[in-house]
Each structure stands twice: as structure tokens, then as C-alpha cells.
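J.: Contents of protein_18.cif (mmCIF, C-alpha atoms) are given next:
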data_upload
#
loop_
_atom_site.label_atom_id
_atom_site.label_comp_id
_atom_site.auth_asym_id
_atom_site.auth_seq_id
_atom_site.Cartn_x
_atom_site.Cartn_y
_atom_site.Cartn_z
CA MET A 219 7.38 -2.88 17.38
CA ARG A 220 6.01 -4.55 14.25
CA ARG A 221 2.63 -5.15 15.89
CA LEU A 222 2.44 -1.48 16.85
CA ALA A 223 3.31 -0.37 13.31
CA ASP A 224 0.82 -2.84 11.82
CA GLY A 225 -1.88 -1.64 14.21
CA LEU A 226 -1.24 2.03 13.45
CA LEU A 227 -1.29 1.41 9.71
CA ARG A 228 -4.42 -0.73 9.93
CA SER A 229 -6.19 1.90 12.05
CA GLY A 230 -5.14 4.71 9.71
CA ILE A 231 -6.36 2.79 6.68
CA ILE A 232 -9.71 2.08 8.34
CA ILE A 233 -10.15 5.75 9.24
CA VAL A 234 -9.27 6.92 5.72
CA PHE A 235 -11.66 4.33 4.26
CA ALA A 236 -14.47 5.48 6.58
CA VAL A 237 -13.94 9.14 5.63
CA LEU A 238 -13.80 8.13 1.95
CA LEU A 239 -17.10 6.27 2.34
CA VAL A 240 -18.73 9.33 3.93
CA CYS A 241 -17.38 11.59 1.15
CA VAL A 242 -18.63 9.36 -1.63
CA SER A 243 -22.01 8.86 0.06
CA TRP A 244 -22.42 12.63 0.49
CA GLN A 245 -21.38 13.12 -3.13
CA VAL A 246 -24.13 10.77 -4.31
CA ILE A 247 -26.74 12.34 -2.02
CA SER A 248 -25.80 15.91 -2.95
CA ARG A 249 -25.73 15.12 -6.66
CA TYR A 250 -28.93 13.09 -7.01
CA ALA A 251 -31.11 14.14 -4.06
CA LEU A 252 -30.13 17.80 -3.72
CA GLY A 253 -29.17 18.47 -7.32
CA THR A 254 -25.97 20.33 -6.41
CA PRO A 255 -22.87 18.13 -6.29
CA SER A 256 -20.24 18.99 -3.70
CA THR A 257 -16.90 19.79 -5.31
CA LEU A 258 -15.11 19.56 -1.95
CA THR A 259 -16.08 15.96 -1.27
CA ASP A 260 -15.38 15.01 -4.87
CA GLU A 261 -11.79 16.25 -4.65
CA LEU A 262 -11.29 14.93 -1.11
CA ALA A 263 -12.52 11.49 -2.18
CA ARG A 264 -9.99 11.38 -5.03
CA PHE A 265 -7.12 12.33 -2.73
CA LEU A 266 -8.18 9.90 0.00
CA PHE A 267 -8.51 7.11 -2.55
CA MET A 268 -4.97 7.75 -3.72
CA TRP A 269 -3.64 7.62 -0.14
CA LEU A 270 -5.75 4.54 0.61
CA ALA A 271 -4.47 2.69 -2.45
CA LEU A 272 -0.80 3.48 -1.89
CA VAL A 273 -0.58 3.08 1.89
CA GLY A 274 -3.00 0.15 1.77
CA GLY A 275 -0.85 -1.53 -0.87
CA ALA A 276 2.25 -1.07 1.27
CA TYR A 277 0.42 -2.52 4.29
CA THR A 278 -0.81 -5.43 2.18
CA TYR A 279 2.76 -6.16 1.09
CA GLY A 280 3.84 -6.19 4.72
CA GLN A 281 1.13 -8.68 5.60
CA GLY A 282 2.09 -11.01 2.75
CA ARG A 283 -1.38 -10.66 1.22
CA HIS A 284 -0.38 -8.91 -1.98
CA LEU A 285 -1.03 -10.40 -5.37
CA ALA A 286 1.90 -12.59 -6.31
CA ILE A 287 2.68 -15.26 -8.83
CA ASP A 288 4.36 -17.73 -6.52
CA LEU A 289 4.73 -20.73 -8.82
CA LEU A 290 8.54 -20.55 -8.79
CA PRO A 291 9.05 -19.84 -5.06
CA THR A 292 6.68 -22.61 -3.99
CA SER A 293 8.36 -25.12 -6.32
CA LEU A 294 11.76 -24.44 -4.76
CA SER A 295 12.99 -25.62 -1.40
CA GLY A 296 15.91 -25.12 0.92
CA ARG A 297 18.70 -22.77 -0.04
CA ARG A 298 17.33 -22.12 -3.57
CA ARG A 299 14.01 -20.92 -2.17
CA GLN A 300 15.81 -18.72 0.34
CA VAL A 301 17.98 -17.13 -2.37
CA ASN A 302 14.95 -16.64 -4.64
CA GLU A 303 12.95 -14.95 -1.90
CA MET A 304 15.91 -12.79 -0.95
CA LEU A 305 16.31 -11.62 -4.57
CA ILE A 306 12.61 -10.88 -4.92
CA THR A 307 12.58 -8.93 -1.65
CA LEU A 308 15.69 -6.96 -2.65
CA LEU A 309 14.09 -6.10 -6.01
CA ILE A 310 10.94 -4.89 -4.25
CA ALA A 311 12.99 -2.82 -1.81
CA GLY A 312 15.06 -1.40 -4.67
CA PHE A 313 11.97 -0.42 -6.62
CA ALA A 314 10.43 1.19 -3.54
CA ALA A 315 13.65 3.08 -2.79
CA VAL A 316 14.36 4.37 -6.29
CA VAL A 317 10.93 4.86 -7.81
CA MET A 318 8.70 5.50 -4.83
CA VAL A 319 10.94 7.22 -2.27
CA TRP A 320 13.50 9.02 -4.42
CA GLY A 321 11.18 9.67 -7.37
CA GLY A 322 8.27 10.44 -5.09
CA LEU A 323 10.31 12.95 -3.10
CA GLN A 324 11.38 14.62 -6.35
CA LEU A 325 7.71 14.89 -7.34
CA VAL A 326 6.72 16.29 -3.95
CA GLN A 327 9.57 18.84 -3.96
CA ARG A 328 8.87 20.02 -7.50
CA THR A 329 5.15 20.29 -6.84
CA LEU A 330 5.64 22.21 -3.59
CA ALA A 331 8.19 24.50 -5.27
CA SER A 332 5.77 25.27 -8.10
CA GLY A 333 3.09 26.27 -5.61
CA GLN A 334 0.47 24.02 -7.21
CA ILE A 335 -2.66 23.78 -5.07
CA SER A 336 -5.85 21.80 -5.49
CA PRO A 337 -8.76 23.77 -6.96
CA SER A 338 -11.43 23.10 -4.32
CA LEU A 339 -9.63 22.28 -1.10
CA GLN A 340 -6.74 24.71 -1.70
CA VAL A 341 -4.30 22.07 -0.38
CA PRO A 342 -0.71 22.06 -1.71
CA MET A 343 -0.55 19.17 -4.16
CA GLY A 344 2.83 18.14 -2.74
CA TRP A 345 1.01 16.94 0.38
CA VAL A 346 -1.29 14.84 -1.75
CA TYR A 347 1.66 13.31 -3.61
CA GLY A 348 3.37 12.63 -0.28
CA ALA A 349 1.59 9.28 -0.27
CA VAL A 350 4.10 7.96 -2.81
CA PRO A 351 7.34 8.34 -0.81
CA LEU A 352 5.58 7.44 2.46
CA SER A 353 4.31 4.19 0.95
CA GLY A 354 7.79 3.49 -0.40
CA LEU A 355 9.26 3.90 3.08
CA ILE A 356 6.66 1.52 4.51
CA ILE A 357 7.47 -1.07 1.83
CA ILE A 358 11.19 -0.73 2.55
CA ALA A 359 10.59 -1.21 6.28
CA TYR A 360 8.61 -4.39 5.61
CA ALA A 361 11.24 -5.58 3.12
CA VAL A 362 14.00 -5.12 5.71
CA ALA A 363 11.95 -7.18 8.18
CA ASN A 364 11.42 -9.84 5.49
CA ILE A 365 15.15 -9.91 4.69
CA GLY A 366 15.86 -10.55 8.36
CA ARG A 367 13.30 -13.35 8.43
CA ILE A 368 14.75 -14.92 5.27
CA ALA A 369 18.31 -14.65 6.63
CA ARG A 370 17.19 -16.56 9.73
CA GLY A 371 15.89 -19.36 7.51
CA GLY A 372 12.27 -18.25 7.41
CA THR A 373 10.07 -17.38 4.49
CA THR A 374 8.17 -14.32 3.33
CA LEU A 375 5.35 -16.44 2.02
CA ASN A 376 2.93 -16.46 4.93
CA PRO A 377 -0.69 -17.52 4.57
CA PRO A 378 -3.11 -14.91 5.92
CA GLN A 379 -3.69 -15.42 9.64
CA ASP A 380 -7.48 -15.46 9.42
CA LEU A 381 -7.65 -17.97 6.58
CA PRO A 382 -6.67 -21.62 6.67
CA ALA A 383 -3.56 -22.60 4.76
CA PRO A 384 -4.38 -23.81 1.25
CA GLN A 385 -4.74 -27.57 0.89
CA GLU A 386 -3.32 -29.39 -2.09
CA ASP A 387 -5.83 -31.06 -4.36
CA ARG A 388 -5.00 -34.72 -4.71
CA LEU A 389 -6.50 -37.13 -7.15
CA SER A 390 -7.31 -40.49 -5.67
#
Could you show the structure in this file as C-alpha cells?
T.:
Amino acid sequence: MRRLADGLLRSGIIIVFAVLLVCVSWQVISRYALGTPSTLTDELARFLFMWLALVGGAYTYGQGRHLAIDLLPTSLSGRRRQVNEMLITLLIAGFAAVVMVWGGLQLVQRTLASGQISPSLQVPMGWVYGAVPLSGLIIIAYAVANIGRIARGGTTLNPPQDLPAPQEDRLS
């Protein structure tokens, strides 16, 4: 199930990035070569970038490739490390639940209720802001999986699969 979810997220992110690349390229061509910038691709690029950043960040968290200061977790071992990682994961899940899901849903509901639409695309802005609660749900799903892994004695600190594990520098 996790592989399927990872694959779907990865594919969606690649598609959004490709469309974003086309939009930005067309924006540059229309602005400098044709002399008439496209307002549609400008707005679409901004919205796609927002979705890419939020959903991509959630995916990155799930892959254990997010930016982290791991000095404390890597210096701990055994039960202390497990407790530390559990607390960190619970804090992340709590933030995602309260700020991103609950707060994001409030933002989406208020924006949809106000009838706010984007100027060029005429898209309800609530759909654009939907990236916030969706990303929060993705983070929570990954956090739940990480909590299960920690409870079984594992770790959430995984080196990326396509890169070798870091080697310690030793002075001879």
C-alpha cells in the first residue's frame, strides 16, 4: 500500500512539475519573443508551484529526505532514541493536524463561502488552497507509518535509497 501511495504521489508531482515547466517556458516565450505575456500561464504557474511545494514537501517528509537537524537523534541510542523520534514524529503529526488540516480546511471553507475566484483562470480559490489540508493529511499518514515503525523498534531516519549511507570522517 505504501509503495502504491508513494508511486502515485511521485507521479503526480512529476506531472505537476512538467506542466509548471511548460507554463513558465511559455510565459518567457510569450513575454520576450511575442511581446504579450500570458496572464493565464502566469496565474497557473503560481498555483501549480504552491501545490508542488506543499505536496512535494509532504512526500519528501514521507521519504525521510526532508531537511532536519539530526544532531540529537543521531547521538542517542536505544530507548532514548526511540522516545526522541516518537516525540518528534508526534509533534510533526500534531502540527500537520492542527495547522495544516484543521486550519487549512477553515481557510478552504471560508474562501469557498466568500466566492473568491482567481482573476484569470476563474477558479475558486478554495480549490487552490486545498493543497494545505491535503498535504497535512499526507504528512499525518506518513507520521502514522513512522510511529508504527518506531514502535516496532525501527527508526525514521533512513538514508535515501539512491545514495550511499554517509561515512564518518575519521582522523588517523
J.: Around the point (3.9, 22.4, -7.9) in the file's coordinates, collect all residues with an atom within 12 Å, using all atoms listed in the file, and return them as an MDAnalysis selection string.
T.: chainID A and resid 324:336 341:347
J.: Enter the distance from CA of Gln300 in chain A to CA of Asp288 in chain A, in Å, rounded to one decimal.
T.: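 Taking CA of Gln300 in chain A as the start and CA of Asp288 in chain A as the end point, the length is 13.4 Å.
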J.: Mind giving me the straight-line distance from CA of Leu252 in chain A to CA of Leu266 in chain A in Å, one decimal?
T.: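 These two atoms are separated by 23.6 Å.
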J.: Between CA of Asp224 in chain A and CA of Leu239 in chain A, what is the spacing in Å?
T.: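 If I compute the distance from CA of Leu239 in chain A to CA of Asp224 in chain A, I get 22.2 Å.
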J.: Please provide the set of residues having any atom within 12 Å of Ile368 in chain A, restricted to all atoms listed in the file, with same-chain residues fewer than 3 positions apart removed, written as JSON, numbers by chain.
T.: {"A": [296, 297, 298, 299, 300, 301, 302, 303, 304, 305, 306, 307, 308, 361, 362, 363, 364, 365, 371, 372, 373, 374, 375, 376]}
J.: Could you check which of A:Leu290, A:Leu309, A:Ile231, A:Leu339 is closest to Ala276 in chain A, using all atoms listed in the file?
T.: A:Ile231
J.: Mind checking which residues fall within 10 Å of Val273 in chain A, counting all atoms listed in the file, ignoring those fewer than 5 positions away in the same chain, and posting them as a PyMOL selection string?
T.: chain A and resi 227-228+230-231+267-268+278-279+349-357
J.: Excluding same-chain residues fewer than 5 positions from Arg264 in chain A, what lies within 9 Å of it counting only C-alpha atoms, as a PyMOL selection string?
T.: chain A and resi 238+259+269
J.: Identify all residues satisfying the PyMOL selection byres ((chain A and resi 258) around 10) in the given file; provide them as JSON, numbers by chain.
T.: {"A": [241, 245, 255, 256, 257, 259, 260, 261, 262, 263, 337, 338, 339, 340]}
J.: Using all atoms listed in the file, which residue out of A:Ser295, A:Trp244, A:Ala286, A:Ile232 lies closest to Gly274 in chain A?
T.: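 Using all atoms listed in the file, the shortest distance to Gly274 in chain A belongs to A:Ile232.
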J.: Select, from A:Leu294, A:Ile247, A:Val234, A:Leu285, the residue with the minimum atom-to-atom distance to Ala271 in chain A, counting all atoms listed in the file.
T.: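 That would be A:Val234, the residue with the smallest distance to Ala271 in chain A.
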